[in-house]
Amino acid sequence: MPGPFIQDEQIDSARAAAHEVTQPVIDFIHRHSSVSVERTVLRMFGMDGAGQLGIPLANLMVDKLHAAKVLHKGAAYWYGRALQLGARSPLDAVERLTALPADKLAPLSPEREGNLREAVRQEARAAMGELHSRVEARSALRAELGGMPPAPHKYVIVATGNIYDDVDQARAAAQAGADVIAVIRSTAQSLLDYVPHGATTEGYGGTYATQENFRIMREALDDESKKLKRYVQLTNYSSGLAMAEIAWAAAYERLDMLLNDAMYGILFRDINMKRTFLDQYVSRRICAYAGIIINTGEDNYITTADAYEAAHTVIASQFINESFAHRAGLKDWQLGLGHSFEIDPHRPDTLLLELSQAMLVRRCFPDAPCKYMPPTKHKETDIFFSHAYDVMADLVAIWTRQGIQLLGMMTEAMHTPLLADRYVALKAANYLYKAARGIDEEFVVREDGKIAHRAREVFGRATELLEECRKDGLVAAIGRGRFGDVKRTETGGKGLDGVFERGVDYFNPMLEILEEKA
Amino acid sequence: MAVREARQIIRPYGDRRDDGVIQLSFTLPVPCTERAKEAALQLCQQMGLKDVKVHGMEKAADSYTLFIVYARTEATVDYAAIKIPEVVVHKMGFDELNAFIEKSVGRRVVVFGACTGTDTHTVGIDAILNMKGFAGDYGLERYPWFEAFNLGSQVPNEDLIARAMAKNADAILVSQVVTQRDVHKDNSRAFIDAAKKAGIHGKTLLLLGGPRVDHKLACELGFDAGFGPGTKPSGVANFIVHALLQRQGKEKLGQLFEGAHA
């Protein structure tokens, strides 16, 4: 463990403050739901197809219920009603329900109502049971291949836009030593209020996240893992307006990790905060159930704000993200709390400052597999310097034993990585990990030096920010631009019209199972 | 008879003047074998390269091999014959420029910026506009004599133009970071079309920035100037002020500033 620097009691009190910060939000979450959450419930019942014009069936049905102002009872309830009308398939259920005039959606007798709920609960238990066995199969394969190697796990991205090209590049990266493959999403997918359908071969800056694309990639990596006799993990993005649905699709297709942050959508995609808080909760419940490691996005704060000035916002946000995660049933081993090597290299002492920050993160979250991101903001076009710059991040990662390290690409700021860029990055990280493993045990960081002093200063400012959030509320703090220099309001941003208050008879058997499991 | 300009023939400089040495690295989709090495060699020879030396060959994956090659090119270029427009600014410092705006323009210069289209990357526009700036160089928000509005990312071109027109903006900055399949060019063309439709093309200063943007490309697309990687906010600030004064007829080309249209 790098450094004490700060007292355990100080960390405990920061953690307690963060837990108070998230309490009012959790109270809000338990009284509300969103269209995306309800679509997730329908997907659990197997409604993963698409209707006319490629519109997902889950969207067709939820939009109809929302327009008829009856969604407050929960989509699962109406799914049950469709079954009672004699629906034989998800498509049939949607067609029957959307054909009904609003006045035909009147309540049933209490007895029929109770029977309906029990029947739907049974179906939900079966669906969640199936999910559980799929996750078990993944865990079994991982165990059979000897588990995961010691951390940091080397994480690289593929981003061709074509899932079949992504497969070729992912296999090549795995052969060169990658432990985790991330398929970057197509630009702007986070603003789609649905999950696209089927295998896709066109995307901008990345590949669409679809359930079929997840399946194709995981199947290829299973095959490659068996060949290499080493399990290769797969990750994607559970963020944006379809955050919870993506979590479901990813869990079902046995993904190992998901980018998932409690506030990222609010700050960086201008998605409404109520909507984001609701969707992140349900997506995290699914991750908790499916043994998925989440990766949070604090690294983004210091690509918009200055990394030196805003270092404390990363720590404060990590405590908040951790609290939201715990409240959704995630365990510490599932918390890939994000941070990064982003201090302007034109400054002096940056290696010391980066070590300080990385050590502080590990000091605060010793049992979390923290996710370390490479430099991006200050990357220019000299690939030779970029490569050396990335290697410094490798050194900090092994020194401070980060859980997951996203490897920097020397062509960052130019184009999506070439196959050789990943190879060169993996070769360098393999070298550094081999060369420097255990360096933390050889050198003790002095308590009166620059590293410790900086860590105490950053932690102190993080504590002040958490205190401000506790006193004035998270909404007010976000409104002041405390995180990432971005200001957002409670009623601003996209997707608020998809938020609604749960009725007294709200029915969500998926959430019942997820909440009782934890 | 016209006087012929002196020629200036140049070629790559490796370790000696005019040795023509260049370095290449590329990947071939075949396993790492002697046959692969010969393939790399022949490929370089077909490019017209001489003295091809395939120095590095390693397995990047089961069926991919990475090569590091050094070779000589006999190609030359007459540097004197190349004419390329460049944004040349005799830069004033932060205080000097603010004082200059106060004196010459007499009011705050209004600037709007955004990363338009589907692009989600704010890193470029933030570096130029945000208070903190980039590499120790303050952003336009910090200049008291600039009024800067950063609308962020994924802003439709028409929205940016409408917001800018509502405030009588002097300049609009468009940032384009994602370049896959030339989406940055398509979106930039769409911006210019929208600007023409709104009647501000040729009036409001239109600037394009991004990692794959240069001044030549921006001018070809119909912008007034283009700024590529490494651009500092102060460079953009100086450009805007002088270009604005030129538009207003208050400053001649090349007075304090050798303009974009040189």
# chains A, B, ... in the order shown; residues from 1 in each chain; ligands from 1
call {"tool": "residues_around", "arguments": {"residues": "stretch 245-251 of chain A", "least_positions_apart": "6", "cutoff": "8 Å", "atoms": "only C-alpha atoms", "output": "MDAnalysis selection string"}}
result
chainID A and resid 36:37 39:40 43:44 131 135 195 209:211 214 236:239 258 283:284 286:287 290 292
call {"tool": "interface_residues", "arguments": {"of": "chain B", "to": "chain A", "cutoff": "6 Å", "atoms": "only C-alpha atoms", "output": "list in words"}}
result
Ala60, Ala61 and Thr118 of chain B
call {"tool": "write_last_selection", "arguments": {"atoms": "N, CA and C atoms", "output": "PDB file, in the first residue's frame"}}
result
ATOM      1  N   ALA B  60       3.617  -9.104 -34.595  1.00  0.00           N
ATOM      2  CA  ALA B  60       2.692  -8.245 -33.847  1.00  0.00           C
ATOM      3  C   ALA B  60       1.489  -9.062 -33.373  1.00  0.00           C
ATOM      4  N   ALA B  61       1.197 -10.139 -34.085  1.00  0.00           N
ATOM      5  CA  ALA B  61       0.148 -11.101 -33.713  1.00  0.00           C
ATOM      6  C   ALA B  61       0.384 -12.315 -34.610  1.00  0.00           C
ATOM      7  N   THR B 118     -22.001  15.498 -35.093  1.00  0.00           N
ATOM      8  CA  THR B 118     -22.127  14.398 -34.135  1.00  0.00           C
ATOM      9  C   THR B 118     -20.906  14.290 -33.232  1.00  0.00           C
TER      10      THR B 118
END
call {"tool": "residues_around", "arguments": {"residues": "B:Ser63", "least_positions_apart": "6", "cutoff": "8 Å", "atoms": "only C-alpha atoms", "output": "PyMOL selection string"}}
result
chain B and resi 29-32
call {"tool": "residues_around", "arguments": {"residues": "A:Tyr194", "least_positions_apart": "3", "cutoff": "8 Å", "atoms": "only C-alpha atoms", "output": "list in words"}}
result
Ser36, Pro56, Asn59, Leu241 and Ala242 of chain A
call {"tool": "residues_around", "arguments": {"residues": "A:Pro4", "least_positions_apart": "4", "cutoff": "12 Å", "atoms": "only C-alpha atoms", "output": "MDAnalysis selection string"}}
result
chainID A and resid 8:11 356 359:364 366 444:448 451:453 455:456
call {"tool": "closest_residue", "arguments": {"among": "B:Tyr70, B:Phe100, B:Tyr138, B:Tyr143", "to": "B:Leu49", "atoms": "only C-alpha atoms"}}
result
B:Tyr70
call {"tool": "closest_residue", "arguments": {"among": "B:Asp186, B:Glu147, B:Glu141, B:Glu38", "to": "B:Phe67", "atoms": "only C-alpha atoms"}}
result
B:Glu38
call {"tool": "residues_around", "arguments": {"residues": "A:Lys487", "least_positions_apart": "4", "cutoff": "8 Å", "atoms": "only C-alpha atoms", "output": "MDAnalysis selection string"}}
result
chainID A and resid 267 478:482
call {"tool": "write_last_selection", "arguments": {"atoms": "C-alpha atoms", "output": "CSV table (one decimal), in the first residue's frame"}}
result
chain,number,residue,atom,x,y,z
A,267,LEU,CA,-21.6,16.4,-17.1
A,478,ILE,CA,-23.0,20.2,-10.1
A,479,GLY,CA,-24.8,23.5,-10.8
A,480,ARG,CA,-21.7,25.4,-9.7
A,481,GLY,CA,-19.5,23.5,-12.1
A,482,ARG,CA,-17.6,21.7,-9.3
call {"tool": "atom_distance", "arguments": {"atom1": "atom CA of B:Val54", "atom2": "atom CA of B:Val69"}}
result
4.5 Å
call {"tool": "residues_around", "arguments": {"residues": "A:Thr400", "least_positions_apart": "4", "cutoff": "9 Å", "atoms": "only C-alpha atoms", "output": "ChimeraX atom specification"}}
result
/A:1-2,355,358-359,362,395-396,439-440
